[in-house]
Structure formats: C-alpha cells, structure tokens
$ cat upload03.cif   # mmCIF, C-alpha atoms and all ligand atoms
data_structure
loop_
_atom_site.label_atom_id
_atom_site.label_comp_id
_atom_site.auth_asym_id
_atom_site.auth_seq_id
_atom_site.Cartn_x
_atom_site.Cartn_y
_atom_site.Cartn_z
CA MET A 87 24.80 -9.01 -8.14
CA THR A 88 24.85 -6.13 -10.54
CA VAL A 89 23.86 -2.64 -9.42
CA ASN A 90 20.74 -1.03 -10.90
CA LEU A 91 21.82 2.46 -11.95
CA LEU A 92 18.19 3.67 -11.94
CA ASP A 93 18.42 3.55 -8.13
CA PHE A 94 20.86 6.51 -8.06
CA ASP A 95 20.47 10.27 -8.30
CA ALA A 96 23.45 12.46 -9.33
CA ASP A 97 25.19 12.12 -5.94
CA GLY A 98 24.67 8.37 -5.83
CA LEU A 99 26.01 7.90 -9.36
CA THR A 100 29.02 10.12 -8.62
CA ALA A 101 29.82 7.93 -5.61
CA PHE A 102 29.33 4.80 -7.70
CA PHE A 103 31.82 6.01 -10.32
CA ALA A 104 34.27 7.21 -7.68
CA GLY A 105 34.24 3.66 -6.32
CA HIS A 106 35.37 2.51 -9.76
CA GLY A 107 38.08 5.17 -10.02
CA GLU A 108 36.06 7.23 -12.53
CA LYS A 109 35.57 11.01 -12.64
CA PRO A 110 32.32 12.76 -11.59
CA PHE A 111 31.43 13.82 -15.16
CA ARG A 112 30.64 10.17 -15.89
CA ALA A 113 27.63 10.51 -13.61
CA LYS A 114 26.36 13.36 -15.75
CA GLN A 115 26.86 11.35 -18.92
CA LEU A 116 25.03 8.36 -17.53
CA LEU A 117 22.14 10.47 -16.21
CA ARG A 118 21.65 11.96 -19.65
CA TRP A 119 21.74 8.64 -21.43
CA MET A 120 19.42 6.95 -18.98
CA HIS A 121 16.88 9.65 -18.26
CA ARG A 122 17.04 12.16 -21.08
CA PHE A 123 17.35 9.66 -23.89
CA GLY A 124 15.73 6.67 -22.18
CA GLU A 125 18.66 4.42 -23.05
CA ALA A 126 19.06 1.13 -21.16
CA ASP A 127 21.86 -0.38 -23.20
CA PHE A 128 25.44 0.59 -22.28
CA ALA A 129 26.65 -0.44 -25.74
CA ALA A 130 24.65 2.43 -27.30
CA MET A 131 26.34 5.10 -25.13
CA THR A 132 28.83 6.08 -27.77
CA ASP A 133 30.57 8.97 -26.01
CA ILE A 134 31.73 6.65 -23.23
CA ALA A 135 34.97 4.71 -23.79
CA LYS A 136 34.37 1.17 -24.94
CA SER A 137 36.37 -0.27 -22.06
CA LEU A 138 34.18 1.51 -19.52
CA ARG A 139 31.00 0.45 -21.30
CA GLU A 140 32.19 -3.14 -21.10
CA LYS A 141 33.01 -2.76 -17.42
CA LEU A 142 29.55 -1.31 -16.75
CA GLY A 143 28.00 -4.20 -18.64
CA LEU A 144 29.58 -6.56 -16.12
CA CYS A 145 28.81 -4.79 -12.84
CA ALA A 146 25.71 -2.66 -13.54
CA ARG A 147 22.33 -2.64 -15.23
CA ILE A 148 19.52 -0.23 -16.06
CA THR A 149 16.30 -2.00 -15.15
CA PRO A 150 12.91 -0.27 -14.75
CA PRO A 151 9.95 -2.28 -13.44
CA PRO A 152 8.53 -4.44 -16.24
CA LEU A 153 5.40 -3.12 -17.91
CA LEU A 154 2.51 -5.56 -17.51
CA SER A 155 -0.20 -3.65 -19.27
CA ASP A 156 -0.96 -0.33 -20.88
CA ARG A 157 -4.63 0.67 -21.17
CA LEU A 158 -6.20 3.68 -22.78
CA SER A 159 -9.43 5.21 -21.42
CA GLU A 160 -12.05 6.74 -23.68
CA ASP A 161 -11.12 10.18 -22.34
CA GLY A 162 -7.43 9.78 -23.21
CA THR A 163 -6.28 8.84 -19.71
CA ARG A 164 -3.74 6.06 -19.95
CA LYS A 165 -2.97 3.56 -17.20
CA PHE A 166 0.24 1.59 -16.95
CA LEU A 167 0.56 -1.43 -14.70
CA PHE A 168 4.04 -2.44 -13.51
CA ASP A 169 5.26 -5.67 -12.01
CA VAL A 170 7.14 -5.12 -8.74
CA GLY A 171 7.61 -8.79 -7.91
CA ASN A 172 5.96 -11.34 -5.61
CA GLY A 173 2.58 -10.96 -7.26
CA ASN A 174 2.50 -7.20 -6.57
CA ALA A 175 1.83 -4.59 -9.17
CA VAL A 176 1.62 -0.80 -9.05
CA GLU A 177 -0.16 1.61 -11.29
CA THR A 178 0.81 4.85 -12.99
CA VAL A 179 -1.73 7.10 -14.67
CA PHE A 180 -1.12 9.61 -17.45
CA ILE A 181 -3.67 12.44 -17.68
CA PRO A 182 -3.49 14.59 -20.82
CA GLU A 183 -4.91 18.11 -20.64
CA ASP A 184 -4.85 21.03 -23.08
CA ASP A 185 -1.89 22.80 -21.52
CA ARG A 186 -0.05 19.97 -19.79
CA GLY A 187 0.43 16.24 -19.42
CA THR A 188 0.43 14.93 -15.86
CA LEU A 189 1.83 11.62 -14.69
CA CYS A 190 0.45 10.24 -11.42
CA VAL A 191 3.15 8.08 -9.83
CA SER A 192 3.00 5.40 -7.09
CA THR A 193 5.48 5.22 -4.21
CA GLN A 194 4.47 2.07 -2.30
CA ALA A 195 2.90 -1.30 -3.07
CA GLY A 196 -0.23 -0.88 -0.93
CA CYS A 197 -0.39 1.60 1.96
CA ALA A 198 -0.33 1.17 5.74
CA LEU A 199 -2.38 4.26 6.58
CA ASP A 200 -5.74 2.66 5.93
CA CYS A 201 -7.91 5.66 5.04
CA SER A 202 -11.47 4.38 5.08
CA PHE A 203 -12.40 5.56 1.54
CA CYS A 204 -9.24 4.41 -0.29
CA SER A 205 -8.86 1.22 -2.28
CA THR A 206 -5.07 1.22 -1.93
CA GLY A 207 -5.41 1.56 1.85
CA LYS A 208 -7.89 -1.30 1.98
CA GLN A 209 -5.43 -3.67 0.32
CA GLY A 210 -2.92 -3.21 3.16
CA PHE A 211 0.78 -2.47 3.02
CA ASN A 212 3.15 -4.57 1.04
CA ARG A 213 6.42 -2.70 0.74
CA ASN A 214 8.15 0.51 -0.18
CA LEU A 215 9.10 0.92 -3.83
CA GLU A 216 12.78 1.22 -4.71
CA VAL A 217 14.01 4.41 -6.40
CA SER A 218 14.29 2.48 -9.68
CA GLU A 219 10.64 1.47 -9.33
CA ILE A 220 9.48 5.05 -8.67
CA ILE A 221 11.57 6.84 -11.28
CA GLY A 222 11.16 3.78 -13.51
CA GLN A 223 7.45 4.62 -13.88
CA LEU A 224 8.39 7.99 -15.37
CA TRP A 225 11.13 6.36 -17.46
CA GLN A 226 8.72 3.81 -18.91
CA ALA A 227 5.85 6.29 -19.42
CA ASN A 228 8.19 8.70 -21.23
CA ARG A 229 9.27 5.91 -23.48
CA ALA A 230 5.67 4.89 -24.20
CA LEU A 231 4.44 8.45 -24.75
CA GLY A 232 7.42 9.87 -26.64
CA VAL A 233 7.71 13.55 -27.51
CA ASP A 234 5.17 15.82 -29.16
CA PRO A 235 5.70 17.27 -32.67
CA ARG A 236 7.38 20.40 -31.26
CA GLY A 237 9.98 18.21 -29.59
CA ASP A 238 8.68 18.86 -26.06
CA ARG A 239 8.21 16.06 -23.61
CA ILE A 240 4.61 14.92 -23.33
CA ILE A 241 4.90 14.61 -19.54
CA SER A 242 5.19 18.15 -18.17
CA ASN A 243 4.02 17.55 -14.57
CA VAL A 244 4.35 14.79 -12.02
CA VAL A 245 2.07 14.23 -9.02
CA MET A 246 2.96 11.69 -6.34
CA MET A 247 -0.69 10.72 -5.95
CA GLY A 248 -0.74 7.12 -7.06
CA MET A 249 -0.59 4.17 -4.70
CA GLY A 250 1.00 4.67 -1.30
CA GLU A 251 2.01 7.49 1.02
CA PRO A 252 5.11 9.14 -0.50
CA LEU A 253 6.35 10.55 2.81
CA ALA A 254 6.24 7.10 4.44
CA ASN A 255 8.85 6.04 1.84
CA PHE A 256 10.82 9.21 2.39
CA GLU A 257 14.38 8.46 1.25
CA ASN A 258 13.41 6.74 -1.98
CA THR A 259 10.77 9.32 -2.82
CA VAL A 260 13.22 12.19 -2.32
CA THR A 261 15.91 10.51 -4.44
CA ALA A 262 13.34 10.03 -7.21
CA LEU A 263 12.21 13.68 -6.83
CA ARG A 264 15.82 14.84 -7.22
CA LEU A 265 16.03 12.96 -10.50
CA MET A 266 12.81 14.58 -11.70
CA LEU A 267 14.29 18.02 -10.96
CA ASP A 268 17.82 17.33 -12.27
CA ASP A 269 18.58 19.13 -15.53
CA ASN A 270 20.59 16.16 -16.72
CA ALA A 271 17.61 13.88 -16.12
CA TYR A 272 14.00 15.16 -16.44
CA GLY A 273 14.56 18.86 -15.71
CA LEU A 274 11.10 19.55 -14.26
CA SER A 275 10.67 22.70 -12.18
CA ARG A 276 9.74 22.35 -8.51
CA ARG A 277 6.36 23.87 -9.24
CA ARG A 278 5.53 21.07 -11.64
CA VAL A 279 6.25 18.27 -9.19
CA THR A 280 3.71 17.74 -6.39
CA VAL A 281 3.87 15.49 -3.37
CA SER A 282 0.51 14.55 -1.88
CA THR A 283 0.50 13.51 1.76
CA SER A 284 -2.09 12.46 4.28
CA GLY A 285 -0.20 14.65 6.76
CA LEU A 286 2.96 13.02 8.15
CA ILE A 287 4.13 16.16 9.91
CA PRO A 288 7.80 15.35 10.70
CA ALA A 289 8.31 14.18 7.11
CA MET A 290 6.67 17.36 5.76
CA ASP A 291 9.26 19.40 7.67
CA ARG A 292 12.04 17.21 6.32
CA LEU A 293 10.76 17.52 2.77
CA SER A 294 10.76 21.28 3.13
CA ASP A 295 14.46 21.16 4.09
CA GLU A 296 15.62 18.53 1.65
CA CYS A 297 13.54 18.91 -1.50
CA ALA A 298 10.78 21.51 -1.37
CA VAL A 299 8.41 20.71 -4.21
CA ALA A 300 4.73 21.69 -4.47
CA LEU A 301 2.60 20.26 -1.67
CA ALA A 302 -0.90 18.80 -1.58
CA VAL A 303 -2.41 17.70 1.73
CA SER A 304 -5.29 15.24 1.94
CA LEU A 305 -7.63 16.95 4.38
CA HIS A 306 -11.03 15.29 3.81
CA ALA A 307 -12.60 16.47 7.09
CA PRO A 308 -13.06 19.83 8.84
CA ASN A 309 -12.65 18.53 12.41
CA ASP A 310 -10.59 15.97 14.32
CA ALA A 311 -13.52 13.72 15.24
CA LEU A 312 -14.37 13.02 11.60
CA ARG A 313 -10.80 13.05 10.34
CA ASP A 314 -9.76 10.53 13.00
CA GLU A 315 -12.27 8.22 11.37
CA LEU A 316 -11.54 8.89 7.68
CA VAL A 317 -7.76 9.42 7.86
CA PRO A 318 -6.61 7.47 10.95
CA ILE A 319 -3.11 9.03 10.95
CA ASN A 320 -4.95 12.13 12.21
CA GLN A 321 -5.02 10.51 15.65
CA LYS A 322 -1.24 10.94 15.72
CA TYR A 323 -0.99 14.24 13.81
CA PRO A 324 -4.17 16.25 14.49
CA LEU A 325 -5.49 19.19 12.48
CA ARG A 326 -4.13 22.07 14.54
CA GLU A 327 -0.60 20.73 14.23
CA LEU A 328 -1.17 19.90 10.57
CA MET A 329 -2.22 23.49 9.80
CA ALA A 330 0.91 24.77 11.54
CA ALA A 331 3.04 22.32 9.51
CA CYS A 332 1.46 23.63 6.28
CA ARG A 333 2.36 27.19 7.22
CA ARG A 334 5.97 26.13 7.94
CA TYR A 335 6.14 24.30 4.61
CA LEU A 336 5.17 27.42 2.70
CA VAL A 337 8.29 29.26 3.84
CA LYS A 338 10.45 27.35 1.32
CA ALA A 339 7.79 26.00 -1.05
CA PRO A 340 7.93 26.81 -4.79
CA ARG A 341 4.26 27.86 -4.74
CA ASP A 342 2.72 30.27 -2.27
CA PHE A 343 -0.20 28.01 -1.37
CA VAL A 344 -0.92 24.48 -0.22
CA THR A 345 -3.51 22.47 -2.13
CA PHE A 346 -6.01 20.81 0.18
CA GLU A 347 -7.57 17.70 -1.30
CA TYR A 348 -11.07 16.92 -0.08
CA VAL A 349 -12.92 13.79 -1.13
CA MET A 350 -16.67 14.37 -1.39
CA LEU A 351 -18.52 11.65 0.53
CA ASP A 352 -22.32 11.78 0.42
CA GLY A 353 -23.77 12.69 3.83
CA VAL A 354 -20.41 12.28 5.59
CA ASN A 355 -18.33 15.43 5.05
CA ASP A 356 -20.27 17.40 2.43
CA ARG A 357 -22.73 19.61 4.36
CA ASP A 358 -22.75 23.42 4.22
CA ALA A 359 -21.67 23.44 7.85
CA ASP A 360 -18.61 21.31 6.95
CA ALA A 361 -17.58 23.85 4.32
CA ARG A 362 -17.92 26.69 6.83
CA GLN A 363 -15.91 24.76 9.42
CA LEU A 364 -13.22 24.14 6.78
CA LEU A 365 -12.95 27.85 6.12
CA ALA A 366 -12.42 28.52 9.82
CA LEU A 367 -9.87 25.72 10.11
CA THR A 368 -7.77 26.89 7.15
CA ARG A 369 -8.15 30.64 7.75
CA ASP A 370 -4.45 31.19 8.43
CA VAL A 371 -3.08 28.93 5.69
CA PRO A 372 -2.74 30.30 2.14
CA CYS A 373 -4.46 27.49 0.25
CA LYS A 374 -6.55 26.24 -2.64
CA PHE A 375 -9.11 23.48 -2.45
CA ASN A 376 -9.39 20.56 -4.80
CA LEU A 377 -12.65 18.68 -4.31
CA ILE A 378 -12.49 15.05 -5.44
CA PRO A 379 -15.80 13.32 -6.13
CA PHE A 380 -15.52 9.96 -4.33
CA ASN A 381 -14.66 7.11 -6.67
CA PRO A 382 -16.30 3.89 -5.53
CA PHE A 383 -14.54 0.53 -5.52
CA PRO A 384 -15.86 -2.95 -4.67
CA GLY A 385 -16.87 -3.14 -1.01
CA SER A 386 -16.53 0.59 -0.30
CA PRO A 387 -19.04 1.87 2.27
CA TYR A 388 -19.46 5.38 0.81
CA LYS A 389 -21.39 7.11 -1.94
CA ARG A 390 -20.28 10.03 -4.06
CA SER A 391 -21.88 13.40 -3.25
CA SER A 392 -24.25 14.64 -5.95
CA SER A 393 -22.95 17.17 -8.48
CA ALA A 394 -25.35 19.77 -7.08
CA ARG A 395 -24.01 19.20 -3.54
CA ILE A 396 -20.41 19.47 -4.72
CA ARG A 397 -21.22 22.69 -6.57
CA GLN A 398 -22.89 24.20 -3.51
CA PHE A 399 -19.95 23.17 -1.28
CA ALA A 400 -17.49 24.73 -3.73
CA GLU A 401 -19.54 27.90 -3.85
CA ILE A 402 -19.34 28.38 -0.08
CA LEU A 403 -15.55 28.09 -0.23
CA MET A 404 -15.28 30.40 -3.23
CA ALA A 405 -17.60 33.00 -1.73
CA ALA A 406 -15.03 33.31 1.05
CA GLY A 407 -12.34 33.96 -1.56
CA VAL A 408 -10.71 30.51 -1.57
CA VAL A 409 -9.86 29.18 -5.04
CA THR A 410 -11.68 25.87 -5.37
CA THR A 411 -11.57 23.39 -8.21
CA THR A 412 -13.44 20.14 -8.60
CA ARG A 413 -11.40 17.30 -9.99
CA LYS A 414 -12.82 15.83 -13.13
CA THR A 415 -13.31 12.13 -12.77
CA ARG A 416 -11.19 10.68 -15.48
CA GLY A 417 -10.22 7.20 -16.47
CA ASP A 418 -12.90 5.53 -14.37
CA ASP A 419 -13.76 3.20 -17.26
CA ILE A 420 -10.32 1.63 -16.71
CA ASP A 421 -10.32 1.93 -12.87
CA ALA A 422 -7.73 4.68 -13.09
CA ALA A 423 -9.55 7.37 -11.09
CA CYS A 424 -8.20 8.61 -7.73
CA GLY A 425 -8.40 5.98 -5.05
CA GLN A 426 -9.32 3.18 -7.45
CA LEU A 427 -5.79 2.08 -8.10
CA ALA A 428 -5.19 -1.63 -7.63
CA GLY A 429 -7.73 -3.74 -5.84
CA GLN A 430 -6.87 -6.65 -3.61
CA VAL A 431 -3.36 -7.88 -4.26
CA LYS A 432 -4.58 -11.43 -4.68
CA ASP A 433 -7.45 -10.61 -6.99
CA LYS A 434 -5.16 -8.29 -8.74
CA THR A 435 -2.63 -10.95 -9.55
CA ARG A 436 -5.37 -12.83 -11.32
CA ARG A 437 -6.54 -9.68 -13.00
CA VAL A 438 -2.99 -8.91 -14.03
CA GLU A 439 -2.68 -12.29 -15.67
CA ARG A 440 -5.91 -11.75 -17.55
CA ARG A 441 -4.84 -8.33 -18.66
CA VAL A 442 -1.45 -9.49 -19.79
CA ILE A 443 -3.12 -12.15 -21.89
CA ASN A 444 -5.47 -9.53 -23.34
CA PHE A 445 -2.54 -7.29 -23.99
CA HIS A 446 -0.66 -9.95 -25.90
CA GLU A 447 -3.75 -10.93 -27.82
CA ALA A 448 -4.43 -7.32 -28.70
CA GLY A 449 -0.91 -7.12 -30.06
CA LYS A 450 -1.55 -10.02 -32.38
CA ARG A 451 -4.67 -8.57 -33.91
N1 LIG B 501 -1.18 8.82 0.13
C1 LIG B 501 -1.23 10.12 -0.43
C2 LIG B 501 -1.24 10.16 -1.93
C3 LIG B 501 -2.06 9.14 -2.69
S1 LIG B 501 -3.79 9.26 -2.72
C4 LIG B 501 -2.42 10.87 0.12
O1 LIG B 501 -3.26 10.27 0.76
O2 LIG B 501 -2.44 12.09 -0.05
C5 LIG B 501 -4.18 10.64 -3.79
C6 LIG B 501 -5.52 11.31 -3.42
O3 LIG B 501 -6.65 10.48 -3.74
C7 LIG B 501 -5.61 11.58 -1.93
O4 LIG B 501 -6.10 12.87 -1.68
C8 LIG B 501 -6.58 10.53 -1.49
O5 LIG B 501 -7.18 10.85 -0.27
C9 LIG B 501 -7.54 10.48 -2.65
N2 LIG B 501 -8.41 9.28 -2.65
C10 LIG B 501 -8.17 8.09 -2.09
N3 LIG B 501 -9.21 7.25 -2.29
C11 LIG B 501 -10.12 7.93 -3.02
C12 LIG B 501 -11.40 7.59 -3.57
N4 LIG B 501 -11.91 6.38 -3.42
N5 LIG B 501 -12.05 8.52 -4.28
C13 LIG B 501 -11.50 9.75 -4.46
N6 LIG B 501 -10.30 10.12 -3.97
C14 LIG B 501 -9.62 9.23 -3.26
FE1 LIG B 502 -2.65 5.66 1.89
FE2 LIG B 502 -3.25 7.99 0.69
FE3 LIG B 502 -4.88 5.84 0.43
FE4 LIG B 502 -4.70 7.11 2.79
S1 LIG B 502 -5.49 7.96 0.84
S2 LIG B 502 -4.65 4.89 2.47
S3 LIG B 502 -2.53 7.69 2.82
S4 LIG B 502 -2.78 6.03 -0.33
#

$ encode --input "upload03.cif" --output "structure tokens" --more "lines below"
Ligand code: SAH
Ligand code: SF4
Amino acid sequence: MTVNLLDFDADGLTAFFAGHGEKPFRAKQLLRWMHRFGEADFAAMTDIAKSLREKLGLCARITPPPLLSDRLSEDGTRKFLFDVGNGNAVETVFIPEDDRGTLCVSTQAGCALDCSFCSTGKQGFNRNLEVSEIIGQLWQANRALGVDPRGDRIISNVVMMGMGEPLANFENTVTALRLMLDDNAYGLSRRRVTVSTSGLIPAMDRLSDECAVALAVSLHAPNDALRDELVPINQKYPLRELMAACRRYLVKAPRDFVTFEYVMLDGVNDRDADARQLLALTRDVPCKFNLIPFNPFPGSPYKRSSSARIRQFAEILMAAGVVTTTRKTRGDDIDAACGQLAGQVKDKTRRVERRVINFHEAGKR
C-alpha cells in the first residue's frame, strides 16, 4: 500500500520523511509542490533529487477524490461532486462574490446529527472523510478555477459548511484546516476560514485550543424546547451551555464575534417573539446573525418564510444593534443551496451516474 501524501499536514509530512531518513525541509518542498502548485506527479518536482522522486513514486502517491461532475449555476455558483467510494459522493460549492471567492467544503459523507430541516442529515451518516478527501476538495477546486488575471487565487475564503458536522470529524478537519492556514500550502488567514457547527461543545473548546479559526454556530431556535426538535444534539448540549461555550471560544478567536446561523422556517421559528427571545438569549455573546431562507428538498416538512417575514425578523434584530445579514439563495437551480447537498445516497448514486454521462456527453459537444 502506498501512502497518500494529501493526508498529511506539515508535521505529518515531516514525520513521514524522517521515517525515510530525509530532512524536514523535504516536507516544505512537498507541501509547496502539492498545494501551492497543485502538482500530483513526483516526476515534475524538479528541485527534488531524482533518486528521492523515484523512491516516492514507489511508496507514496498524491490522490485527491475523483471529480464526478462539475456544474455551473446561472448565478455563477459552481458545484463539484466527488466520488468517495462505495457509491458515496460529497459536494463542494464555489460561490463567487465581488470581493471574494468562497469554497464551501464537506467533512463527512452524510451526517449523524439528523437536524429536521437538513437534507444531509436526512440521508443518515456514512463515514468521516479522510484528510485527503477534505483538503482534496480545495485542491481540485483550485485546479478547476485557476488564478485570476492579477495572479491571485480565485478561492480567498473557505467555509466548512458543506455536508457533515466538521467537529464530529475533529482530527481530520483540524489537519485539513492546518493545511489551509499553512504558508507553504494555501496560506489563508484564520479570519478567512470558518468552521460551522451545530454546537458540539467539547469539540468547540478543543478547536479553540488547537486551531482557532472563525466560528459559525447553527442556532435555528431561540429556546431549548424548539431547538431540541430542530437540532436534536441540543438535548445533549443545551442553549445556556452553548452560549457559554461561544463566549469561551471568542477568547482566542481571530474575529471578535460568533456568527449565528438561523434557518427561516415558515411558522416554526420566524415570529417577532422568536426574534425578541433570540436577542435575550444572545445578549452576552458578541455576535452577528446570518438568516438563511430555508431551502426545500424532496420530502422536507417545512416551508420557507416569506421575504417580508424575513425582513421584519431581521429588522427586530438590527433595531437592537445586532448586525444581521440574510443569505442570498444561490445555486438552487443546481441543488447547491445550503442544506440541499446530496439527496439519498442510493438515489444519488443513480443521479451521479446520469450526471457523469451528461458530463462526458457535454465534453464531446
Ligand atoms: N453541520 C454543520 C455545517 C453544515 S450545514 C452545521 O450544522 O452547522 C451549513 C448550514 O446550513 C447550517 O447552518 C445548517 O443548519 C444549514 N442548513 C441545513 N439545511 C438547510 C436547509 N434545508 N435550508 C437552509 N439551511 C440549511
Ligand atoms: Fe448535520 Fe449540520 Fe445537517 Fe445538522 S445541519 S444534520 S449538523 S449537516
């Protein structure tokens, strides 16, 4: 079995080379070739001695998850679908904006936390992604998107908001985050990398110690009774403790606020009284709100709140001085909007096959 070098951050690669009697600077060289230049072929790494390149060719490989399809939405959002084996696929979404390009990355195939409004949750949990499968999404997207005319990378921000709960795949997520931050790899600042969590409190504390990046917390309800229903992990980690964990996180965080995500569900969590209760709940936590209009998926029991309702809800929060944005729904023509990623695994496999065929056919035209 050869070792996939995309599974290692700087420390891991240094240990790998030490095991082969090589000096630590080799790790730096390899990181640059793999992540800065997107190179997967040892033979092309010309500043590494030929004998070492040949040795690497025998015992190692650089293998990102294979790209199954690449679809472009009318609004410029681009969705990549990757094969992670056994009929499973994960999705990665690129969202271009005027001042930045954001890549939304998946961390698990499926998700065990079963939030009632989430398509990924409804498909159940399959497995954690390997580091090479997490960082491999960035690697592949960078390769597909290239650099802009000024020579800057097109992807300037990463959000761990795709499929899965990043903090339930802690080790692999953190190793991938370290690569995103490493100057020899992607060199992103901590402020430009965001982990979104449904509120796994012990893992939030660990993240703060080990790799404090920007934090988004999926709140979705102003009280425990409703949140227990919408985000079942709340039964284990209730709101009072979650608010305290957010305050602790801010001590080392690169930004001085937490972003609270709040999905707008018609008649469920979108009343004026809910907004007022939210303000009371979050009073002691420096925060911003990001309202997400619910994105329906087949079989989902909810409806999206009306635009007028969302506006009114946002106004109550803003009148109290809390910065509130409403997420634009983007990419829904290609099922790339929040919470729409990947339907049933079984259906999906069939869909994947169809898409791959379409993809190949499109290439022929
Ligand atoms: N598991 C993590 C990150 C992935 S989900 C988390 O829950 O935070 C990214 C965001 O999309 C979360 O805030 C999630 O609650 C939200 N989301 C899930 N399903 C959605 C849907 N159908 N419509 C709108 N947002 C949704
Ligand atoms: Fe999992 Fe996040 Fe979906 Fe909840 S919202 S089921 S934590 S991916």

$ closest_residue --input "upload03.cif" --among "A:Leu231, A:Met247, A:Met131, A:Ala146" --to "ligand LIG 502 (chain B)" --atoms "only C-alpha atoms and all ligand atoms"
A:Met247

$ atom_distance --input "upload03.cif" --atom1 "CA of Leu267 (chain A)" --atom2 "CA of Asp95 (chain A)"
10.3 Å

$ residues_around --input "upload03.cif" --residues "Ala307 (chain A)" --least-positions-apart "3" --cutoff "8 Å" --atoms "all atoms listed in the file" --output "PyMOL selection string"
chain A and resi 310+312-313+316+348+355+360+364

$ residues_near_ligand --input "upload03.cif" --ligand "ligand LIG 502 (chain B)" --cutoff "6 Å" --atoms "all atoms listed in the file" --output "MDAnalysis selection string"
chainID A and resid 197 199:201 204 206:207 249:251 284

$ residues_near_ligand --input "upload03.cif" --ligand "ligand LIG 501 (chain B)" --cutoff "7 Å" --atoms "all atoms listed in the file" --output "list of chain:residue names"
A:Phe203, A:Cys204, A:Ser205, A:Met246, A:Met247, A:Gly248, A:Met249, A:Gly250, A:Glu251, A:Pro252, A:Ser282, A:Thr283, A:Ser284, A:Val303, A:Ser304, A:Glu347, A:Tyr348, A:Val349, A:Ile378, A:Pro379, A:Phe380, A:Asn381, A:Pro382, A:Phe383, A:Cys424, A:Gly425, A:Gln426

$ closest_residue --input "upload03.cif" --among "A:Thr412, A:Asn376, A:Ser218, A:Asn255" --to "Pro152 (chain A)" --atoms "all atoms listed in the file"
A:Ser218

$ atom_distance --input "upload03.cif" --atom1 "CA of Ile402 (chain A)" --atom2 "CA of Cys373 (chain A)"
14.9 Å

$ closest_residue --input "upload03.cif" --among "A:Ala126, A:Gly285, A:Asp358, A:Asp342" --to "Gln321 (chain A)" --atoms "all atoms listed in the file"
A:Gly285

$ residues_around --input "upload03.cif" --residues "Val299 (chain A)" --least-positions-apart "6" --cutoff "8 Å" --atoms "all atoms listed in the file" --output "list in words"
Arg276, Arg277, Arg278, Val279, Thr280, Val281, Ala339 and Pro340 of chain A

$ closest_residue --input "upload03.cif" --among "A:Phe168, A:Phe399, A:Phe103, A:Tyr335" --to "Leu215 (chain A)" --atoms "all atoms listed in the file"
A:Phe168
